Structure formats: structure tokens, C-alpha cells
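Engineer: Take a look at the following structure, please.
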Amino acid sequence: MSPNIRIALRFLTAKKRSMLMSLACIVLGVGLFIVTQATTSGFEAYFIRTILGTDGAVRIQDKLQATMQSIEAGGYGSPFQIQIKNGRKYIEGIDYPVELEKTLRTFRNVAGVSEIIHGQATVRSSFKDDTVQVYGIYLEDHLKVSDLKNQIASGSLMTFRTAPDGALLGRDMATRLQLGIGDSFQLEANHQVRRFRVSAIYETGVADIDKVRLYLNMDQARSLLKRTTGASYLQVSLYDRDRADRDAPWMEEVLKHSVASWQERERTWLQVFKALRISTGITVSVFTLIAGLAMFNTLAMVVMEKTKDIAILRSMGYTRRDISRIFLWQAAIVLALGTAGGCLLGLGVTYGVSLMPLQIRGIFATNHFIVNYSLWHYVEAVATAVVMVMVASLIPSRRAARLEPGDIIRGTAQ
Amino acid sequence: MSEAPDIALRCEGLHRFLGQGEGRVHVLRGVSFEARRGKVYAIVGPSGCGKSTLLYLLGLLDQPDQGDIWIGGQRMSASADSERTAARGEHIGFVFQFHFLMLEFTALENVMMPMRKLGRLPAPQMEARARQLLGEVGLADKAHRLCTQLSGGEQQRVAVARALANQPSILLADEPTGNLDATNSAIVFDLLTRLAREHNQAVILVTHNPEIAGKCDFRRPMRDGLFV
């Protein structure tokens, strides 16, 4: 062990209470930072999982058409005209979904593509009538781009797969219409009425989906909505979901259709989560800031009390750098203990919080706190503590190093 | 300029001012001095005559405003802080009036502290030498006691052992017996001079005690910043 560390360890005992206070602040600062980041990012990650499980990573819809403007080259009335690209026009829907899907498959990041048509219909149950959004899907394709399989709350996808008149209803819709598994209901659209039967009830947790979205097999939906060809949009899943916003412009360029990534579609919510995560991080960093100030205060006091020791160390051949390091080591030792304790506290409290009941419906469905265990939260918490505490320790340690041994001894001797 | 090999320390024309503005005092007014190995020098004089200031300059704890200091033939007065610090660790041992032991450490650890910094010996040899030095000052059985558990005389003996730890060529002592009773004063002084002579070290001590000064090889009285 280096002599500087040995001395630092002993000096730590000189101000036990103050050092323990600094230690407690570091433990709390690091621990709470980890807990808040784990919970906010947990909810954010769960929200992202939910939106990817319902609407996929990328949505392709509406054909793009460049619009042109012409200028008379030789002045007003000239027969010579120059064509200028003037912007883009969106034409609703996809005319050739199969060709588009083939092209999409050439993108290496594309994991699955589901063709979807949708339209409005009125549902009539024995209890009440309501307006719903009908979504026609090829079940097997759709299972590859969504989490529908895990969202089934009751009933069976097998029934939907085998029964042509099968329908999948959101939980809120089924509750409102008082429909259960096996119950029949009528759907009216385009002046025709068809009878369907509830195969399964799903729950995404997203209220706007669970209230209005009703899935039918593609053939039935085409017939009901009188759309024999084309698709409303393509839902795409990606191997690397985080690349969706970078892949979308390329897809748009190649496919000549509007392409929306999940980051673009859910920008508002994602910004809310980000703001929440940063604000809680800043708030709990106050503890770490206090830890830094406490460490500054403690070391400043130790320097004042240890001036004689500093003088004698300097007289023995200890350099200014050695003196500075002795005080920095004290901060580093408290910091190491504090961050280790803080990480353990953060881990324990995060686990405890994850067991706490909390019912949320609306943007996702959960019955307990959702936490995200990420190494980066620990790295960020420790880095914040290291920066604050070590910066705060620099001033007293440099002051100690600047002390002149002759002045100290002369002052003490007088 | 080559020096006689037995000259451990030499200074010429040292001037030192202390304080600032109107309170600025010319403490040393051109002091010259040399100390030979194996000899004991006593600097005596009234309070405020500049004895301690001279001792701190000779020990490289302070810098002169004018004049030169040579340690083992090497000019140190104009050298960098790092060189002066290294020279202190290697060539100079200090004994102060208020012993200045590090109270969180045992007697053994205090004696080992200069050796640990110098790093000349491996750890077991450092400990063996520290034990030997504590034995020489009569504290072998108290090596593991914290310094707070030692009497004033014992603490000063530990300070003597610590000053000798790196086998320095120069031993500087500022009123080493000033805080002790007559019996302990005699013990500490005899110890200091005996060990220094045995190890061929130059001892320069500042004292008010005429009895102690009388026992030294050389007695240099000072007044108003000059040897008289």
C-alpha cells in the first residue's frame, strides 16, 4: 500500500461524523439516482414495447406523388415552359401491397410485414350500437409484426384463425358492448350488414386502441369494406427497432410511399418520458451535490486541523503532490464506499419498487411499477458522484498542498 | 567549488525578511555558517534573534531572500521545490520543540513514515530498522502504542528516532528539550548527540538552555539576525 493511501486511511478517522455525513449523502444520491432512472426508463421502455407490439416499428402508407409547377420561360404567354418540382402530394392507401412488400424485404433490417386494410363500421350488439374501426389482417403476418398473441386476454387465436366470421375485440369495446367469447354481433358498413362472432378479446393497455379497434380476417374485411384490392397501410417489424428512424427515410425514398417510424409517431410521449427522466435525474443529483459540498467542508476542516501533520510530512520529504493526493485519496475512499453502498441501495430499492402495486391503463397496461435494470444507470450515477465529489475535493487538497511547512512550524512554535 | 567531504551543510550571506508592509522585519542579516559531520552545534540567543528562521532555511523548509545554502556540496537555495523536498527526505532529519508526531499512528509507524516515502529499503527492513531505532531510544516495548498513549518525553524520543530513520547527514533540532522537564531534557539531548556522533551526522540545535548549549561541540550565539 502506498504511504499516501496509508496516511489517507488514518486521516479519515479524524472527522468521523463529517465523513459519515458525506458518505450518507453519496449513498443516498447514487441510490436515488439509480431508482428514479430505473422507474422512469422502465415505464418508457414498457411504453415503447407496447407501441411496437400494437402498431409496429414502421408504418408505410399513402403513396407519394411529386407535384410540378410550370413557369413560362419567355414571359407571360410564352409557349416555352419550365417544369419545377413544387412539393409532394399524398394519395391515400397502397395500390400494390404485394410488390411493395417484396421491395421491403430487400431491406436487411426488415423482420416482418403485415398488410392491413381499415375502415369505419357500426357494431350492433344486443346491448347497444357503437362506431368501431375495422382492421382486416392476415393473422400469421400480423403476429410477426405485433404482440397480438400476448395481448389476448380471453378466447383463442386458433378460433379466429379457423372461423371465417371470427373477430378480435378490444377489452374496452367488449365491456362497453357487453360481448363475451362466442357472442355474435352485427357489423354494418357500406349499406351491408354482416354477422360475426367474438373469437377472442385482446388488451393492449392503450385506451385509444382497446376502445375502437376490431380485427377481422382479411377476406371478410375486404368484403365488408368493399375494398377488393390494395391496402390501407403496411405494418413492419424490424430486427433493430432503434434503427427505425434512420431506415424510414431510405424506405420512403425507395418505396415512394410515406414511411413513419415509431420514434416519429410517438414523438410527444417519448419527449415526455425523456423530460421526466432528465428532471428526476437532476432533482436527485441535488443529494450528490450536497455530498460534494459536505466533502468540501469536511476536507477543508481536516486540512485546517492537520496543518502540523502536513508540515511534518513535508519536512520528511513528502512532496506537494503527495499532500494533495493524501486528501484526494480520502475523498476517493469515501466516494468508493459511498458509490458501492449507493449501487446496492439503488438495486435493492429498485427491486422493492418493482413489487409495488400500481394500476395504469391508458397508454399501457400494468398492475405494478415497471423498472428497467440497466448498467448505464449505475454508470451515470457513479460518474455524477465522482465528478461532484472529486471536483469539490480538489480545492481543499490543493490548498493543503500549497501550505508552506516553514510558515506552519513558525506559526505553531510562536 | 569543491568542499571538504566532512562538511554536511554550509550557508553564506543569508538574508530573510518576514512580514509585509510596515510590519516587515529583517530577521537574518547576512548569516554565514557551516556544519561538519559528527559535530554538534548549538545556536543560542534571545527570542526573535532569528535562530529558528535560520534553522528552517538550513532545513530547506523556507527560502532565503538572499544568500546561498549548500547541502552535501549541492547548492540548494535556488533549487526547485521538488529538489528541496527530495533533499529534505534524503539528507535532513528534523526534531521540533512540539515533537509533531502523527497522532493517529503508532510509534513504529511514525518512525517508518520517512522510510516509506524514501523507499530505499524493502518493507521488512524498514520495520526492522524502525524497531532498532526505537530500541536505541529506549522505546522498544512501546513500538505499537499510539502516540497519544506516550508521555511528552517518550514522544520526543520517538521524534528523535524518526529524524534518524533515513540516516540523514544533517539533524536539525528546534528547541528539542524546550517542552520537557530536566530529566527528560537530559535523556533526549544525550540520545540525540550520542546517536548523531555514532552515525557521523552533523547536529544543529537551537536552544535557550545554557546547560545544553554548553555540552555541544560548538556554541554560536546570535543577536539581531547575525552571529556574534
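Labels for the C-alpha cells follow display order: chains A, B, ..., residues from 1 in each chain, ligands from 1.
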Using only C-alpha atoms, find the residues of chain A whose closest atom to chain B is at most 7 Å away, then write them as a ChimeraX atom specification.
Structural biologist: /A:3,10,308-309,312,315-319,405-406
Engineer: Using DSSP on the backbone, list every residue of region 153-400 of chain A that comes out as strand (DSSP E), and give them as a PyMOL selection string.
Structural biologist: chain A and resi 153-155+166-170+184-189+192-202+213-217+233-238+257-261+357-360+366-368
Engineer: Taking into account only C-alpha atoms, which residue in the set B:His144, B:Arg75, B:Arg120, B:Arg131 is nearest to Ala8 (chain B)?
Structural biologist: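 Ranked by minimum distance to Ala8 (chain B), first place goes to B:Arg75.
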Engineer: For Arg176 (chain A), list every protein, DNA or RNA residue within 12 Å, evaluated using only C-alpha atoms, and leave out those in the same chain fewer than 6 positions away; present the list as a ChimeraX atom specification.
Structural biologist: /A:123-132,169-170,210-212
Engineer: Would you save the residues of that selection, restricted to C-alpha atoms, as a compact mmCIF listing (two decimals), in the first residue's frame?
Structural biologist:
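Result written to selection.txt:
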```
# COMPACT_ATOMS: atom_id res chain seq x y z
CA VAL A 123 -71.29 -2.57 -34.48
CA ARG A 124 -74.70 -3.71 -33.27
CA SER A 125 -74.90 -5.92 -30.23
CA SER A 126 -77.97 -6.92 -28.30
CA PHE A 127 -76.99 -4.25 -25.77
CA LYS A 128 -76.04 -1.18 -27.84
CA ASP A 129 -74.70 0.15 -31.16
CA ASP A 130 -71.31 1.77 -31.50
CA THR A 131 -68.88 3.02 -34.12
CA VAL A 132 -65.69 0.97 -34.46
CA LEU A 169 -62.33 -7.17 -29.95
CA GLY A 170 -60.52 -4.83 -27.60
CA ASP A 210 -58.81 -1.14 -26.94
CA LYS A 211 -61.94 1.04 -27.31
CA VAL A 212 -62.29 1.13 -31.08
```
Engineer: So that I can check the surroundings of region 15-21 of chain A, please list as a PyMOL selection string every protein, DNA and RNA residue that reaches within 12 Å of it, counting only C-alpha atoms and ignoring chain neighbours fewer than 3 positions away.
Structural biologist: (chain A and resi 8-12+24-28+287-288+290-306+330-335+337-338) or (chain B and resi 104)
Engineer: With distances taken over only C-alpha atoms, which residue among B:Gly72, B:Gly135, B:Val206, B:Gly214 lies nearest Leu172 (chain B)?
Structural biologist: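 The closest residue to Leu172 (chain B) is B:Val206.
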Engineer: Which is closest to Leu150 (chain B) among B:Leu164, B:Ala107, B:Val44, B:Ala196, if we use only C-alpha atoms?
Structural biologist: B:Ala107
Engineer: In Å, with one decimal, what is the gap from CA of Leu54 (chain B) to CA of Leu28 (chain B)?
Structural biologist: 7.4 Å
Engineer: Which polymer residues have any atom within 6 Å of an atom of region 148-164 of chain A, counting only C-alpha atoms, with same-chain residues fewer than 4 positions away left out, as JSON, numbers by chain?
Structural biologist: {"A": [181, 199, 200, 201, 202, 203, 204]}
Engineer: As a VMD selection string, please: every residue in chain B that DSSP puts in alpha helix (DSSP H).
Structural biologist: chain B and resid 51 to 58 81 to 91 107 to 118 123 to 136 152 to 164 182 to 198 210 to 215
Engineer: Please, what distance in Å, to one decimal, runs between CA of Ile209 (chain A) and CA of Thr50 (chain A)?
Structural biologist: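 It comes out at 11.2 Å.
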Engineer: Between A:Ser285, A:Thr229, A:Gln235, A:Thr350, which residue has the minimum interatomic distance to Ser374 (chain A), considering only C-alpha atoms?
Structural biologist: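 So, comparing all the options, the nearest one is A:Thr350.
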Engineer: Quick one: everything within 12 Å of Leu226 (chain B), counting only C-alpha atoms, minus sequence neighbours fewer than 4 positions away in the same chain. Send it as a PDB file with N, CA, C and O atoms, in the first residue's frame.
Structural biologist:
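Final output, result_8.pdb:
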```pdb
ATOM      1  N   GLU B  12      25.910  30.911   3.166  1.00  0.00           N
ATOM      2  CA  GLU B  12      26.678  32.156   3.063  1.00  0.00           C
ATOM      3  C   GLU B  12      25.753  33.327   2.820  1.00  0.00           C
ATOM      4  O   GLU B  12      24.903  33.270   1.918  1.00  0.00           O
ATOM      5  N   GLY B  13      25.914  34.333   3.624  1.00  0.00           N
ATOM      6  CA  GLY B  13      25.208  35.606   3.420  1.00  0.00           C
ATOM      7  C   GLY B  13      23.698  35.486   3.384  1.00  0.00           C
ATOM      8  O   GLY B  13      23.060  36.087   2.517  1.00  0.00           O
ATOM      9  N   LEU B  14      23.128  34.722   4.304  1.00  0.00           N
ATOM     10  CA  LEU B  14      21.665  34.523   4.271  1.00  0.00           C
ATOM     11  C   LEU B  14      20.925  35.744   4.814  1.00  0.00           C
ATOM     12  O   LEU B  14      21.219  36.230   5.906  1.00  0.00           O
ATOM     13  N   HIS B  15      19.983  36.200   4.002  1.00  0.00           N
ATOM     14  CA  HIS B  15      19.092  37.288   4.432  1.00  0.00           C
ATOM     15  C   HIS B  15      17.669  36.763   4.384  1.00  0.00           C
ATOM     16  O   HIS B  15      17.304  36.022   3.475  1.00  0.00           O
ATOM     17  N   ARG B  16      16.883  37.153   5.361  1.00  0.00           N
ATOM     18  CA  ARG B  16      15.474  36.747   5.332  1.00  0.00           C
ATOM     19  C   ARG B  16      14.638  37.847   5.956  1.00  0.00           C
ATOM     20  O   ARG B  16      14.941  38.337   7.053  1.00  0.00           O
ATOM     21  N   HIS B  26      13.590  42.595   9.064  1.00  0.00           N
ATOM     22  CA  HIS B  26      14.807  41.987   8.513  1.00  0.00           C
ATOM     23  C   HIS B  26      15.350  41.029   9.572  1.00  0.00           C
ATOM     24  O   HIS B  26      16.099  41.426  10.454  1.00  0.00           O
ATOM     25  N   VAL B  27      14.963  39.757   9.491  1.00  0.00           N
ATOM     26  CA  VAL B  27      15.252  38.798  10.567  1.00  0.00           C
ATOM     27  C   VAL B  27      16.691  38.293  10.497  1.00  0.00           C
ATOM     28  O   VAL B  27      17.380  38.228  11.512  1.00  0.00           O
ATOM     29  N   LEU B  28      17.121  37.927   9.308  1.00  0.00           N
ATOM     30  CA  LEU B  28      18.515  37.473   9.146  1.00  0.00           C
ATOM     31  C   LEU B  28      19.258  38.485   8.276  1.00  0.00           C
ATOM     32  O   LEU B  28      18.767  38.880   7.219  1.00  0.00           O
ATOM     33  N   ARG B  29      20.448  38.861   8.714  1.00  0.00           N
ATOM     34  CA  ARG B  29      21.144  39.977   8.049  1.00  0.00           C
ATOM     35  C   ARG B  29      22.509  39.532   7.502  1.00  0.00           C
ATOM     36  O   ARG B  29      23.532  40.096   7.852  1.00  0.00           O
ATOM     37  N   GLY B  30      22.496  38.476   6.746  1.00  0.00           N
ATOM     38  CA  GLY B  30      23.749  38.031   6.116  1.00  0.00           C
ATOM     39  C   GLY B  30      24.486  36.996   6.951  1.00  0.00           C
ATOM     40  O   GLY B  30      25.675  37.158   7.247  1.00  0.00           O
ATOM     41  N   VAL B  31      23.812  35.939   7.314  1.00  0.00           N
ATOM     42  CA  VAL B  31      24.387  34.900   8.179  1.00  0.00           C
ATOM     43  C   VAL B  31      25.180  33.893   7.354  1.00  0.00           C
ATOM     44  O   VAL B  31      24.712  33.433   6.308  1.00  0.00           O
ATOM     45  N   SER B  32      26.354  33.554   7.810  1.00  0.00           N
ATOM     46  CA  SER B  32      27.164  32.502   7.171  1.00  0.00           C
ATOM     47  C   SER B  32      27.505  31.454   8.229  1.00  0.00           C
ATOM     48  O   SER B  32      27.719  31.795   9.399  1.00  0.00           O
ATOM     49  N   PHE B  33      27.540  30.188   7.789  1.00  0.00           N
ATOM     50  CA  PHE B  33      27.669  29.110   8.775  1.00  0.00           C
ATOM     51  C   PHE B  33      28.040  27.824   8.054  1.00  0.00           C
ATOM     52  O   PHE B  33      27.707  27.642   6.882  1.00  0.00           O
ATOM     53  N   ILE B  43      22.899  26.768  18.445  1.00  0.00           N
ATOM     54  CA  ILE B  43      22.661  28.171  18.097  1.00  0.00           C
ATOM     55  C   ILE B  43      21.850  28.749  19.251  1.00  0.00           C
ATOM     56  O   ILE B  43      20.751  28.253  19.543  1.00  0.00           O
ATOM     57  N   VAL B  44      22.394  29.727  19.881  1.00  0.00           N
ATOM     58  CA  VAL B  44      21.724  30.298  21.059  1.00  0.00           C
ATOM     59  C   VAL B  44      21.497  31.795  20.845  1.00  0.00           C
ATOM     60  O   VAL B  44      22.127  32.416  19.990  1.00  0.00           O
ATOM     61  N   GLY B  45      20.599  32.312  21.649  1.00  0.00           N
ATOM     62  CA  GLY B  45      20.332  33.749  21.543  1.00  0.00           C
ATOM     63  C   GLY B  45      18.952  34.065  22.058  1.00  0.00           C
ATOM     64  O   GLY B  45      18.139  33.151  22.290  1.00  0.00           O
ATOM     65  N   PRO B  46      18.672  35.362  22.233  1.00  0.00           N
ATOM     66  CA  PRO B  46      17.360  35.739  22.771  1.00  0.00           C
ATOM     67  C   PRO B  46      16.242  35.465  21.764  1.00  0.00           C
ATOM     68  O   PRO B  46      16.502  35.293  20.571  1.00  0.00           O
ATOM     69  N   GLY B  48      13.511  35.906  19.064  1.00  0.00           N
ATOM     70  CA  GLY B  48      13.353  36.869  17.974  1.00  0.00           C
ATOM     71  C   GLY B  48      14.667  37.244  17.315  1.00  0.00           C
ATOM     72  O   GLY B  48      14.700  38.087  16.418  1.00  0.00           O
ATOM     73  N   CYS B  49      15.775  36.587  17.705  1.00  0.00           N
ATOM     74  CA  CYS B  49      17.058  36.960  17.095  1.00  0.00           C
ATOM     75  C   CYS B  49      17.263  36.284  15.737  1.00  0.00           C
ATOM     76  O   CYS B  49      18.193  36.616  15.012  1.00  0.00           O
ATOM     77  N   GLY B  50      16.392  35.322  15.404  1.00  0.00           N
ATOM     78  CA  GLY B  50      16.461  34.692  14.073  1.00  0.00           C
ATOM     79  C   GLY B  50      16.982  33.267  14.085  1.00  0.00           C
ATOM     80  O   GLY B  50      17.261  32.698  13.024  1.00  0.00           O
ATOM     81  N   LYS B  51      17.082  32.637  15.271  1.00  0.00           N
ATOM     82  CA  LYS B  51      17.630  31.268  15.371  1.00  0.00           C
ATOM     83  C   LYS B  51      16.771  30.264  14.594  1.00  0.00           C
ATOM     84  O   LYS B  51      17.263  29.507  13.759  1.00  0.00           O
ATOM     85  N   THR B  53      14.410  30.847  12.424  1.00  0.00           N
ATOM     86  CA  THR B  53      14.316  31.198  10.999  1.00  0.00           C
ATOM     87  C   THR B  53      15.520  30.635  10.253  1.00  0.00           C
ATOM     88  O   THR B  53      15.379  30.067   9.160  1.00  0.00           O
ATOM     89  N   LEU B  54      16.695  30.759  10.867  1.00  0.00           N
ATOM     90  CA  LEU B  54      17.906  30.212  10.244  1.00  0.00           C
ATOM     91  C   LEU B  54      17.793  28.690  10.113  1.00  0.00           C
ATOM     92  O   LEU B  54      18.128  28.121   9.066  1.00  0.00           O
ATOM     93  N   ARG B 220      27.140  28.828  18.999  1.00  0.00           N
ATOM     94  CA  ARG B 220      27.128  30.029  18.138  1.00  0.00           C
ATOM     95  C   ARG B 220      26.026  30.968  18.606  1.00  0.00           C
ATOM     96  O   ARG B 220      24.853  30.780  18.295  1.00  0.00           O
ATOM     97  N   PRO B 221      26.386  31.992  19.357  1.00  0.00           N
ATOM     98  CA  PRO B 221      25.359  32.946  19.815  1.00  0.00           C
ATOM     99  C   PRO B 221      24.916  33.880  18.684  1.00  0.00           C
ATOM    100  O   PRO B 221      25.721  34.252  17.827  1.00  0.00           O
ATOM    101  N   MET B 222      23.635  34.217  18.695  1.00  0.00           N
ATOM    102  CA  MET B 222      23.075  35.100  17.651  1.00  0.00           C
ATOM    103  C   MET B 222      22.436  36.306  18.306  1.00  0.00           C
ATOM    104  O   MET B 222      21.875  36.206  19.405  1.00  0.00           O
TER     105      MET B 222
END
```
